Every structure is written in C-alpha cells, then in structure tokens.
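Asks: Let me give you the structure first, and then I'll get to my questions.
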Amino acid sequence: MDRRVFMKSGALAMVTMGLSPSFLRRTAYGADLANGAALLGASRGKTLICLFQRGAADALNVVVPHGEAAYYRLRPNIAIPRPTLATGPAGAIDLDGFFGLHPSLAPLKPLWDQGILAPVHAVGSPSATRSHFDAQDYMETGTPDNKGTRDGWLNRYLAVKGTCEAGCVHDGKESPFRAVAMTQQTPRMLEGPAPTIAMNSLDEFSVRAAGPAAERLEALYRTGTADVVHAAGGEMFEAVKILKAANPQKYQPQNSASYPASQFGGRLKQIAQLIKSDVGLEVAFADVGGWDTHVNQGASTGQLAGRLDDFARSIAALVADLGDRMADVTIMTMSEFGRTVRQNGNGGTDHGHASALFVIGGDVKGKKVYGKWPGLEPEQLYEGRDLALTTDFRSVFSEVAAKHLGATKLETVFPGFDGRGRLGIL
C-alpha cells in the first residue's frame, strides 16, 4: 500500500473507517467484488436512518399544541396560528384537534394520512444541561449525564448484534457499508469498535483510516509488516469499487421524488441510493444544523420556517424515492433539547428542556401523537420556563432498535436504562 495514498486526506470529502486489521481481513469478499458483482447478490434487511437536528429545534413550533391556550399567551409574536379557515396557509396543519404541524412541514402531512408518521412530544434527555455539546453527546452515547462513555449507542448496537441480514452480501461476509454517516467526521453516535464509514458524498469518495486504526496501520507499514498492510489497503479500497459500481453520478430518484438542492437534501438522496444499491446498509446517519433560533425565529414564515421547509421536503423526497422499500426502513429524527416556552426579547427562544421527534416507516403505528402532554401553565413548566419531559429519549430509541432492527441485550446498548416507558410506536 502506498503511504502517500494512505495518508491523503481528500479535503472535500473524506471517509473515516473505524477499522482494525482483523475486520479488514474478514471483509475480503473475493475477486467478484472488484467489478461490483456482489451488489447483485446482496440481501435486503431492515434499515434505520437517524437524522439529528443540531442546535435544539423548537418543539412547540414544530409540533404545535394549538389546543393549549398558554401557548398563545407565552408566544404573542412567534406562535403558529390555530388551524382555522381564517388563518389560511399560515395556520398549523391540524393532526388530531390538539396538535398540528408547522405549515412548512406540509410535505409530511401525507405521511401522517398514510399512517406511517408518528410524532413524539415532550421527549428528550433527563439531563438538566442546556449545553449543546453535552446534550448532543448524551443523546448520541445514550448515557445522559455520563461524560465517560466512549462509544455511541448505535455502535454498541452494531457490536452487540454482530453480522445481520442487512449487513451481509451473498457470500455471507459483512459489508463495509453496514453503517454509514453522511457527514465529514464520524458522529458520536457511531463511534466505537464496530466498523463504520463517514463520507461527505458518494461521488467524492476517498478513504483514510482515522484515530488508533490509522496509527496502528501506519506503524505496521513503517516496520515492514507488509502482508497485513497490503491486505488492509486492498480491502479498504474495495469500498471505493463498490461505490463506483453503483455509479452515483447517474442516479435518478424514483416515484417523482424531488430532493431540495441543499446539503441535507443531497445527503438523504445518497442514503436512498445506498439502500437501493443493496450494499448492505443497516444504519444510516445524517445531521443538519441551524436550529438555534435565539434571534428572529419567526412564526409561520421566517428563519425556522425556512429550515423546516428544507427538512420536510428532504424527508418527503426520501420516502417517495424509496417507495415500497419503506416497508423495511424506519426514519427517526432527534434534537438535543427543546427551547423555552416563552419567546425572548429578540423574537426568538432560548435553550430549553423537552423536545419533539418523528418516527417514520412501514412498521410505524402512525396517525397518533405519542407521549404524555405535560401542559404549559406556569406550574406545569420545567424549572418555570421549559416544556417538561415526560418521555426519556431512550424509551423511543430502544423501542426502535428492538422492534425494527431486532436488537437484543438492550442493557448493553443503553447501560443504566431500565427499558420502561416504551410507547408502542412499532
């Protein structure tokens, strides 16, 4: 393996593969993989797509409690109007007579009507932190208030379960594309001993090893242990050959799916491509920022509305593009915490507590807003200012992992969590 090739970072798009030499030896599929033949024999299995809204999305203007009088008292300028005829398209899109969607989330309403969309309200981390960094870390590791956790909950799931149907190709070997993050760096959720890939895009795919794996492989190269290093290099670049066989540049979405021309839309489009290429994708991850709306948040229009428009159109396009494959796919959104119930003096909201998320998929028991509603009257607020938490995010995450992916040993995937409080979404 050429050292210069190994160390090249590929500045615009890099892939981080948490690989060890033993894993690399396991993934030697054979000569047919080099020409993409293995793609034709890949088995289909369940896929989970996790979408992280970084910055703390405002749950109350995403899933709007339009039946709550206090919501309008506390947000005189940024509340979403009730879904009455008088407000027209500016009003909330009614779901059940009490909750509604922000009008920019209109592309998700057909998913509700089809029964494959389940919002969860007043959900989040039991941690009291209002630090973005800490809250995201706790949600991705699955261990609130424990800063010592080194791996992410999705990586623990992969490590505990081992090779599964969705992570295999026709010869029974594990696919290097079992877990993929469409991000520049490996997210905390996927950090750990199980091998994962992170990339900016499919058509700018270059490879490097990262962290301890890179140091070990480079040390082996320097000492001349060429048999391991050469094998490792050849097998890492098989991943590149797989994507070349998938031909990203010529991909055409199906079912009239129209992805926004945004980074988030592009990432979801490429996740759809990986799923439909049958490369063994079991877990996919993407994130999108811009949710920290301290100033000029807006109501039916404005900053938050624009972000939600891209978010909803991207997800709706992904669902349409996958078509009947959604029977085997679950999409789960999340944000580290919510925002204050009261609007601030800058026309925005500050860091809060409980939030809202969406679960979408063929297995989902949709057309229902899940979670116990705590109310927004002064005595019902968390610390007198925030939406109170009634559902631990681990209740939702563990249910999706168990019911959709077939996860076992949940006490290892979510250490310290007793598993209570599941909502029956799946």
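Going through the structure tokens in order, the chains are called A, B, and so on, while each chain numbers its residues from 1 and the ligands are numbered from 1 in the order shown.
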List the neighbours of range 323-339 of chain A out to 6 Å using only C-alpha atoms; skip same-chain residues closer than 3 positions along the sequence, and give me the result as a PyMOL selection string.

Replies: chain A and resi 46-54+56-59+135-136+320+349-355+357-362

Asks: Keeping only C-alpha atoms, write those residues as a PDB file, in the first residue's frame.

Replies:
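Heads up, here's the output in out_15.pdb:
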ATOM      1  CA  LYS A  46     -34.068  -3.628   7.907  1.00  0.00           C
ATOM      2  CA  THR A  47     -32.522  -0.172   7.755  1.00  0.00           C
ATOM      3  CA  LEU A  48     -32.611   2.594  10.354  1.00  0.00           C
ATOM      4  CA  ILE A  49     -31.971   6.200   9.304  1.00  0.00           C
ATOM      5  CA  CYS A  50     -31.165   8.618  12.153  1.00  0.00           C
ATOM      6  CA  LEU A  51     -31.460  12.340  11.421  1.00  0.00           C
ATOM      7  CA  PHE A  52     -30.050  14.764  14.013  1.00  0.00           C
ATOM      8  CA  GLN A  53     -31.319  18.368  14.121  1.00  0.00           C
ATOM      9  CA  ARG A  54     -28.327  20.024  15.767  1.00  0.00           C
ATOM     10  CA  ALA A  56     -32.088  22.397  19.588  1.00  0.00           C
ATOM     11  CA  ALA A  57     -35.161  22.611  17.387  1.00  0.00           C
ATOM     12  CA  ASP A  58     -38.167  24.433  18.828  1.00  0.00           C
ATOM     13  CA  ALA A  59     -40.575  21.570  19.538  1.00  0.00           C
ATOM     14  CA  ALA A 135     -26.715  17.358  25.412  1.00  0.00           C
ATOM     15  CA  GLN A 136     -25.767  16.115  21.954  1.00  0.00           C
ATOM     16  CA  ALA A 320     -41.141   8.814  -2.032  1.00  0.00           C
ATOM     17  CA  THR A 349     -36.340  31.344  22.031  1.00  0.00           C
ATOM     18  CA  ASP A 350     -33.546  30.188  24.311  1.00  0.00           C
ATOM     19  CA  HIS A 351     -32.248  26.780  25.364  1.00  0.00           C
ATOM     20  CA  GLY A 352     -34.978  24.665  26.909  1.00  0.00           C
ATOM     21  CA  HIS A 353     -35.615  21.095  28.007  1.00  0.00           C
ATOM     22  CA  ALA A 354     -38.029  18.626  26.363  1.00  0.00           C
ATOM     23  CA  SER A 355     -38.361  18.480  22.588  1.00  0.00           C
ATOM     24  CA  LEU A 357     -39.163  13.931  17.337  1.00  0.00           C
ATOM     25  CA  PHE A 358     -40.623  11.970  14.429  1.00  0.00           C
ATOM     26  CA  VAL A 359     -40.620   8.240  13.710  1.00  0.00           C
ATOM     27  CA  ILE A 360     -41.498   7.354  10.121  1.00  0.00           C
ATOM     28  CA  GLY A 361     -41.679   3.964   8.457  1.00  0.00           C
ATOM     29  CA  GLY A 362     -43.636   0.988   7.249  1.00  0.00           C
TER      30      GLY A 362
END

Asks: Need to verify the contact set: Leu318 in chain A, 9 Å, only C-alpha atoms, exclusion of same-chain residues closer than 4 positions in sequence. Can you return it as a ChimeraX atom specification?

Replies: /A:253,257-259,265,268-269,271-272,313-314,322-323

Asks: For Glu191 in chain A, which residue out of A:Arg422, A:Lys161, A:Arg156, A:His102 is the nearest one, using only C-alpha atoms?

Replies: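 Smallest distance to Glu191 in chain A is found for A:Arg156.
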
Asks: Any idea what's packed within 8 Å of Ser300 in chain A, counting only C-alpha atoms, ignoring anything in its chain fewer than 4 positions away? Could you give it as a PyMOL selection string?

Replies: chain A and resi 78+80-81+90-91+102-104+305

Asks: What would the file look like if the residues just selected were written as a JSON list (two decimals), in the first residue's frame with N, CA and C atoms?

Replies:
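After the write, again32.json holds the following:
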[["chain", "number", "residue", "atom", "x", "y", "z"],
["A", 78, "ILE", "N", -44.56, 34.80, 18.00],
["A", 78, "ILE", "CA", -43.96, 33.71, 17.23],
["A", 78, "ILE", "C", -44.80, 32.43, 17.24],
["A", 80, "ILE", "N", -47.61, 29.76, 16.18],
["A", 80, "ILE", "CA", -48.23, 29.38, 14.90],
["A", 80, "ILE", "C", -49.73, 29.46, 15.08],
["A", 81, "PRO", "N", -50.44, 30.21, 14.24],
["A", 81, "PRO", "CA", -51.89, 30.37, 14.42],
["A", 81, "PRO", "C", -52.64, 29.04, 14.41],
["A", 90, "ALA", "N", -51.22, 30.03, 6.68],
["A", 90, "ALA", "CA", -50.30, 30.40, 7.76],
["A", 90, "ALA", "C", -50.55, 29.61, 9.03],
["A", 91, "GLY", "N", -51.69, 28.94, 9.13],
["A", 91, "GLY", "CA", -52.04, 28.23, 10.34],
["A", 91, "GLY", "C", -51.39, 26.87, 10.44],
["A", 102, "HIS", "N", -46.22, 22.56, 11.97],
["A", 102, "HIS", "CA", -45.87, 23.87, 11.40],
["A", 102, "HIS", "C", -46.22, 23.84, 9.92],
["A", 103, "PRO", "N", -46.74, 24.94, 9.36],
["A", 103, "PRO", "CA", -47.15, 24.92, 7.95],
["A", 103, "PRO", "C", -46.03, 24.55, 6.99],
["A", 104, "SER", "N", -44.77, 24.81, 7.37],
["A", 104, "SER", "CA", -43.66, 24.41, 6.49],
["A", 104, "SER", "C", -43.45, 22.91, 6.46],
["A", 305, "ALA", "N", -39.07, 28.63, 9.81],
["A", 305, "ALA", "CA", -39.91, 28.11, 8.72],
["A", 305, "ALA", "C", -39.07, 27.65, 7.54]]

Asks: Can you build me a table of range 115-152 of chain A residues sitting at most 9 Å from range 397-421 of chain A, with the closest atom pair per residue and its distance in Å to one decimal, using only C-alpha atoms, sorted by chain and residue number, as a Markdown table?

Replies:
| residue | atom | partner | partner_atom | distance |
| --- | --- | --- | --- | --- |
| A:Thr141 | CA | A:Phe414 | CA | 8.4 |
| A:Gly142 | CA | A:Phe414 | CA | 5.8 |
| A:Thr143 | CA | A:Phe414 | CA | 6.9 |
| A:Gly152 | CA | A:Val413 | CA | 8.7 |

Asks: Where does DSSP see alpha helix (DSSP H) in range 330-398 of chain A, if you list the residues as a PyMOL selection string?

Replies: chain A and resi 393-398

Asks: When DSSP works through the backbone of this structure, what residues of range 232-411 of chain A end up as strand (DSSP E), shown as a ChimeraX atom specification?

Replies: /A:283-288,329-335,355-361,391-392

Asks: Compile the contact shell of range 380-384 of chain A as a list in words: residues with an atom at most 12 Å away, counting only C-alpha atoms, same-chain residues fewer than 6 positions apart removed.

Replies: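 So the residues in contact are Ala70, Tyr71, Leu74, Ala122, Pro126, Ala128, Gly338, Arg339, Thr340, Val341, Arg342, Gly352, His353, Ala354, Trp373, Pro374 and Thr390 of chain A.
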